[in-house]
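Before any comments, here is the structure.
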Amino acid sequence: MDKRDLDILRILEENSRATIAEIAKKLGISESNVRKRLRRMEENGVIRKYTVIEDPAKLGYSVIAILGFDTTPEKNIDVAKKLSEFDEVKRVLICSGSHTLVAEVWARSGEELSKLICQKYGKIDGITKVYTSIVLERIK
């Protein structure tokens with residue numbers, strides 16, 4: 001990884017649909033150079049996939065929550081995998097610190113979030129406690 005690779009990554013972070021020609025023009029390098037660099041970063045796992053960033057509000061999700069889960073140690077991975085199966089769970093992270101797992105959850109209302117926590121997540125074997133933080137504003 002060098003500065004050019006990082007420049008390519010920054011461009012793709014801003015617009016994952018940027019073409020090889022556009023990237024090459026912005027950086028003043030050849031398209032074949034960009035293509036080789038992209039292929040190498042993909043093969044090395046630096047770039048795992050090209051994706052979009054959705055706007056939850058425009059998709060009807062008015063409540064975004066960060067949920068902290070305490071789990072029994074032997075069930076931590078199983079709980080993380082189970083949470084990852086749910087469409088409304090956008091990210092699952094295994095952590096050290098206050099909670100063993102953290103998840104980002106999108107809900108259409110506070111009532112829906114409450115039902116998810118009490119009737120869905122709270123029943124997962126291994127979860128001992130759920131902590132909820134509502135996202136007020138996303139800065140980055």
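By convention here, the chains of the structure tokens are called A, B, ... in the order presented, each chain's residues are numbered starting at 1, and ligands are numbered starting at 1 in the order presented.
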
Worksheet item: DSSP on the backbone: what in chain A comes out strand (DSSP E or B), as a PyMOL selection string?
Response: chain A and resi 63-71+89-94+101-107+127-134

Include N, CA and C atoms and write out the residues we just selected as a PDB file, in the first residue's frame.
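The result, stored in result_27.pdb:
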ATOM      1  N   VAL A  63     -35.902   5.673  13.564  1.00  0.00           N
ATOM      2  CA  VAL A  63     -35.148   5.417  14.787  1.00  0.00           C
ATOM      3  C   VAL A  63     -33.931   4.563  14.463  1.00  0.00           C
ATOM      4  N   ILE A  64     -32.756   5.110  14.755  1.00  0.00           N
ATOM      5  CA  ILE A  64     -31.512   4.371  14.618  1.00  0.00           C
ATOM      6  C   ILE A  64     -30.971   4.216  16.034  1.00  0.00           C
ATOM      7  N   ALA A  65     -30.674   2.988  16.402  1.00  0.00           N
ATOM      8  CA  ALA A  65     -30.200   2.733  17.763  1.00  0.00           C
ATOM      9  C   ALA A  65     -28.890   1.967  17.738  1.00  0.00           C
ATOM     10  N   ILE A  66     -28.069   2.265  18.709  1.00  0.00           N
ATOM     11  CA  ILE A  66     -26.868   1.485  18.972  1.00  0.00           C
ATOM     12  C   ILE A  66     -27.195   0.663  20.213  1.00  0.00           C
ATOM     13  N   LEU A  67     -27.222  -0.641  20.059  1.00  0.00           N
ATOM     14  CA  LEU A  67     -27.556  -1.528  21.168  1.00  0.00           C
ATOM     15  C   LEU A  67     -26.294  -2.203  21.678  1.00  0.00           C
ATOM     16  N   GLY A  68     -26.111  -2.143  22.978  1.00  0.00           N
ATOM     17  CA  GLY A  68     -25.008  -2.860  23.625  1.00  0.00           C
ATOM     18  C   GLY A  68     -25.576  -4.118  24.248  1.00  0.00           C
ATOM     19  N   PHE A  69     -24.934  -5.234  24.022  1.00  0.00           N
ATOM     20  CA  PHE A  69     -25.403  -6.513  24.551  1.00  0.00           C
ATOM     21  C   PHE A  69     -24.356  -7.095  25.487  1.00  0.00           C
ATOM     22  N   ASP A  70     -24.806  -7.512  26.642  1.00  0.00           N
ATOM     23  CA  ASP A  70     -23.973  -8.327  27.516  1.00  0.00           C
ATOM     24  C   ASP A  70     -24.388  -9.765  27.269  1.00  0.00           C
ATOM     25  N   THR A  71     -23.419 -10.642  27.140  1.00  0.00           N
ATOM     26  CA  THR A  71     -23.707 -12.045  26.858  1.00  0.00           C
ATOM     27  C   THR A  71     -22.897 -12.932  27.796  1.00  0.00           C
ATOM     28  N   VAL A  89     -30.746  -5.266  11.578  1.00  0.00           N
ATOM     29  CA  VAL A  89     -29.438  -5.123  12.231  1.00  0.00           C
ATOM     30  C   VAL A  89     -28.412  -4.862  11.126  1.00  0.00           C
ATOM     31  N   LYS A  90     -27.884  -3.662  11.114  1.00  0.00           N
ATOM     32  CA  LYS A  90     -26.996  -3.235  10.028  1.00  0.00           C
ATOM     33  C   LYS A  90     -25.527  -3.532  10.290  1.00  0.00           C
ATOM     34  N   ARG A  91     -25.114  -3.562  11.567  1.00  0.00           N
ATOM     35  CA  ARG A  91     -23.733  -3.862  11.933  1.00  0.00           C
ATOM     36  C   ARG A  91     -23.718  -4.604  13.249  1.00  0.00           C
ATOM     37  N   VAL A  92     -22.803  -5.538  13.375  1.00  0.00           N
ATOM     38  CA  VAL A  92     -22.585  -6.241  14.638  1.00  0.00           C
ATOM     39  C   VAL A  92     -21.088  -6.249  14.897  1.00  0.00           C
ATOM     40  N   LEU A  93     -20.705  -5.796  16.084  1.00  0.00           N
ATOM     41  CA  LEU A  93     -19.296  -5.694  16.437  1.00  0.00           C
ATOM     42  C   LEU A  93     -19.048  -6.406  17.755  1.00  0.00           C
ATOM     43  N   ILE A  94     -18.007  -7.221  17.798  1.00  0.00           N
ATOM     44  CA  ILE A  94     -17.570  -7.837  19.046  1.00  0.00           C
ATOM     45  C   ILE A  94     -16.570  -6.874  19.673  1.00  0.00           C
ATOM     46  N   LEU A 101     -20.933  -7.123  22.891  1.00  0.00           N
ATOM     47  CA  LEU A 101     -21.384  -6.937  21.514  1.00  0.00           C
ATOM     48  C   LEU A 101     -22.057  -5.579  21.382  1.00  0.00           C
ATOM     49  N   VAL A 102     -21.920  -4.974  20.210  1.00  0.00           N
ATOM     50  CA  VAL A 102     -22.623  -3.738  19.890  1.00  0.00           C
ATOM     51  C   VAL A 102     -23.240  -3.922  18.507  1.00  0.00           C
ATOM     52  N   ALA A 103     -24.483  -3.444  18.342  1.00  0.00           N
ATOM     53  CA  ALA A 103     -25.158  -3.556  17.049  1.00  0.00           C
ATOM     54  C   ALA A 103     -25.829  -2.242  16.695  1.00  0.00           C
ATOM     55  N   GLU A 104     -25.843  -1.928  15.409  1.00  0.00           N
ATOM     56  CA  GLU A 104     -26.616  -0.796  14.904  1.00  0.00           C
ATOM     57  C   GLU A 104     -27.913  -1.362  14.361  1.00  0.00           C
ATOM     58  N   VAL A 105     -29.030  -0.828  14.849  1.00  0.00           N
ATOM     59  CA  VAL A 105     -30.347  -1.332  14.479  1.00  0.00           C
ATOM     60  C   VAL A 105     -31.185  -0.187  13.924  1.00  0.00           C
ATOM     61  N   TRP A 106     -31.875  -0.441  12.798  1.00  0.00           N
ATOM     62  CA  TRP A 106     -32.789   0.529  12.216  1.00  0.00           C
ATOM     63  C   TRP A 106     -34.209   0.080  12.493  1.00  0.00           C
ATOM     64  N   ALA A 107     -35.045   1.016  12.990  1.00  0.00           N
ATOM     65  CA  ALA A 107     -36.455   0.716  13.250  1.00  0.00           C
ATOM     66  C   ALA A 107     -37.319   1.847  12.694  1.00  0.00           C
ATOM     67  N   ILE A 127     -27.964 -13.822  25.689  1.00  0.00           N
ATOM     68  CA  ILE A 127     -28.016 -12.394  26.000  1.00  0.00           C
ATOM     69  C   ILE A 127     -28.488 -12.239  27.444  1.00  0.00           C
ATOM     70  N   THR A 128     -27.713 -11.493  28.234  1.00  0.00           N
ATOM     71  CA  THR A 128     -28.074 -11.286  29.637  1.00  0.00           C
ATOM     72  C   THR A 128     -28.624  -9.887  29.887  1.00  0.00           C
ATOM     73  N   LYS A 129     -28.241  -8.917  29.023  1.00  0.00           N
ATOM     74  CA  LYS A 129     -28.736  -7.554  29.197  1.00  0.00           C
ATOM     75  C   LYS A 129     -28.579  -6.791  27.887  1.00  0.00           C
ATOM     76  N   VAL A 130     -29.536  -5.884  27.634  1.00  0.00           N
ATOM     77  CA  VAL A 130     -29.500  -5.047  26.435  1.00  0.00           C
ATOM     78  C   VAL A 130     -29.506  -3.583  26.870  1.00  0.00           C
ATOM     79  N   TYR A 131     -28.591  -2.794  26.316  1.00  0.00           N
ATOM     80  CA  TYR A 131     -28.498  -1.364  26.590  1.00  0.00           C
ATOM     81  C   TYR A 131     -28.800  -0.636  25.290  1.00  0.00           C
ATOM     82  N   THR A 132     -29.581   0.429  25.374  1.00  0.00           N
ATOM     83  CA  THR A 132     -30.015   1.131  24.176  1.00  0.00           C
ATOM     84  C   THR A 132     -29.553   2.576  24.173  1.00  0.00           C
ATOM     85  N   SER A 133     -28.984   3.001  23.057  1.00  0.00           N
ATOM     86  CA  SER A 133     -28.674   4.414  22.816  1.00  0.00           C
ATOM     87  C   SER A 133     -29.295   4.788  21.483  1.00  0.00           C
ATOM     88  N   ILE A 134     -30.063   5.854  21.467  1.00  0.00           N
ATOM     89  CA  ILE A 134     -30.693   6.326  20.233  1.00  0.00           C
ATOM     90  C   ILE A 134     -29.753   7.324  19.564  1.00  0.00           C
TER      91      ILE A 134
END

Item to complete: Any chance you could list, as number ranges by chain, the residues in chain A that come up helix (DSSP H, G or I) when DSSP is run on the backbone?
Response: A: 3-14, 20-27, 31-43, 56-59, 73-84, 110-123

Just C-alpha atoms for this one: save the residues we selected as a PDB file, in the first residue's frame.
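Once written, selection_23.pdb looks like this:
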ATOM      1  CA  LYS A   3      -0.044   6.910  -1.294  1.00  0.00           C
ATOM      2  CA  ARG A   4      -1.592   6.171  -4.712  1.00  0.00           C
ATOM      3  CA  ASP A   5      -3.474   3.169  -3.311  1.00  0.00           C
ATOM      4  CA  LEU A   6      -4.762   5.316  -0.460  1.00  0.00           C
ATOM      5  CA  ASP A   7      -5.810   8.028  -2.936  1.00  0.00           C
ATOM      6  CA  ILE A   8      -7.766   5.433  -4.918  1.00  0.00           C
ATOM      7  CA  LEU A   9      -9.464   4.241  -1.731  1.00  0.00           C
ATOM      8  CA  ARG A  10     -10.450   7.811  -0.766  1.00  0.00           C
ATOM      9  CA  ILE A  11     -12.028   8.366  -4.185  1.00  0.00           C
ATOM     10  CA  LEU A  12     -13.984   5.112  -3.908  1.00  0.00           C
ATOM     11  CA  GLU A  13     -15.085   5.974  -0.360  1.00  0.00           C
ATOM     12  CA  GLU A  14     -16.657   9.125  -1.757  1.00  0.00           C
ATOM     13  CA  ILE A  20     -11.390   3.445 -13.592  1.00  0.00           C
ATOM     14  CA  ALA A  21     -11.159   6.234 -16.176  1.00  0.00           C
ATOM     15  CA  GLU A  22     -12.409   8.835 -13.668  1.00  0.00           C
ATOM     16  CA  ILE A  23      -9.975   7.658 -10.984  1.00  0.00           C
ATOM     17  CA  ALA A  24      -7.073   7.680 -13.438  1.00  0.00           C
ATOM     18  CA  LYS A  25      -7.911  11.198 -14.606  1.00  0.00           C
ATOM     19  CA  LYS A  26      -8.194  12.551 -11.033  1.00  0.00           C
ATOM     20  CA  LEU A  27      -4.845  11.038 -10.061  1.00  0.00           C
ATOM     21  CA  GLU A  31      -6.147   3.391 -16.399  1.00  0.00           C
ATOM     22  CA  SER A  32      -4.064   0.202 -16.484  1.00  0.00           C
ATOM     23  CA  ASN A  33      -2.195   1.379 -13.369  1.00  0.00           C
ATOM     24  CA  VAL A  34      -5.514   1.986 -11.545  1.00  0.00           C
ATOM     25  CA  ARG A  35      -6.851  -1.388 -12.733  1.00  0.00           C
ATOM     26  CA  LYS A  36      -3.729  -3.217 -11.448  1.00  0.00           C
ATOM     27  CA  ARG A  37      -3.866  -1.434  -8.119  1.00  0.00           C
ATOM     28  CA  LEU A  38      -7.568  -2.186  -7.675  1.00  0.00           C
ATOM     29  CA  ARG A  39      -7.066  -5.846  -8.565  1.00  0.00           C
ATOM     30  CA  ARG A  40      -4.212  -6.141  -6.063  1.00  0.00           C
ATOM     31  CA  MET A  41      -6.232  -4.452  -3.299  1.00  0.00           C
ATOM     32  CA  GLU A  42      -9.178  -6.770  -4.018  1.00  0.00           C
ATOM     33  CA  GLU A  43      -6.969  -9.888  -4.021  1.00  0.00           C
ATOM     34  CA  PRO A  56     -32.352   5.351   6.780  1.00  0.00           C
ATOM     35  CA  ALA A  57     -34.851   8.231   7.030  1.00  0.00           C
ATOM     36  CA  LYS A  58     -35.525   8.145   3.292  1.00  0.00           C
ATOM     37  CA  LEU A  59     -36.189   4.413   3.594  1.00  0.00           C
ATOM     38  CA  PRO A  73     -18.897 -15.685  27.380  1.00  0.00           C
ATOM     39  CA  GLU A  74     -19.539 -19.071  25.814  1.00  0.00           C
ATOM     40  CA  LYS A  75     -22.463 -17.706  23.734  1.00  0.00           C
ATOM     41  CA  ASN A  76     -20.868 -14.461  22.534  1.00  0.00           C
ATOM     42  CA  ILE A  77     -20.060 -15.636  18.985  1.00  0.00           C
ATOM     43  CA  ASP A  78     -23.398 -17.462  18.636  1.00  0.00           C
ATOM     44  CA  VAL A  79     -25.294 -14.331  19.672  1.00  0.00           C
ATOM     45  CA  ALA A  80     -23.277 -12.187  17.223  1.00  0.00           C
ATOM     46  CA  LYS A  81     -24.085 -14.604  14.391  1.00  0.00           C
ATOM     47  CA  LYS A  82     -27.779 -14.688  15.331  1.00  0.00           C
ATOM     48  CA  LEU A  83     -28.031 -10.880  15.421  1.00  0.00           C
ATOM     49  CA  SER A  84     -26.320 -10.736  12.013  1.00  0.00           C
ATOM     50  CA  GLY A 110     -39.727   3.666  18.971  1.00  0.00           C
ATOM     51  CA  GLU A 111     -42.514   1.145  19.400  1.00  0.00           C
ATOM     52  CA  GLU A 112     -40.974  -1.145  16.778  1.00  0.00           C
ATOM     53  CA  LEU A 113     -37.557  -0.861  18.444  1.00  0.00           C
ATOM     54  CA  SER A 114     -39.082  -1.737  21.798  1.00  0.00           C
ATOM     55  CA  LYS A 115     -40.716  -4.846  20.319  1.00  0.00           C
ATOM     56  CA  LEU A 116     -37.465  -5.894  18.663  1.00  0.00           C
ATOM     57  CA  ILE A 117     -35.570  -5.596  21.938  1.00  0.00           C
ATOM     58  CA  CYS A 118     -38.185  -7.294  24.129  1.00  0.00           C
ATOM     59  CA  GLN A 119     -39.674  -9.883  21.811  1.00  0.00           C
ATOM     60  CA  LYS A 120     -36.791 -10.723  19.487  1.00  0.00           C
ATOM     61  CA  TYR A 121     -33.341  -9.896  20.834  1.00  0.00           C
ATOM     62  CA  GLY A 122     -34.182 -10.425  24.502  1.00  0.00           C
ATOM     63  CA  LYS A 123     -35.126 -14.020  23.733  1.00  0.00           C
TER      64      LYS A 123
END

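Reported to one decimal place, the separation of atom CA of Thr72 of chain A from atom CA of Asp125 of chain A is 9.0 Å.
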
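Across the structure, atom CA of Ile29 of chain A and atom CA of Asp2 of chain A are spaced 14.1 Å apart.
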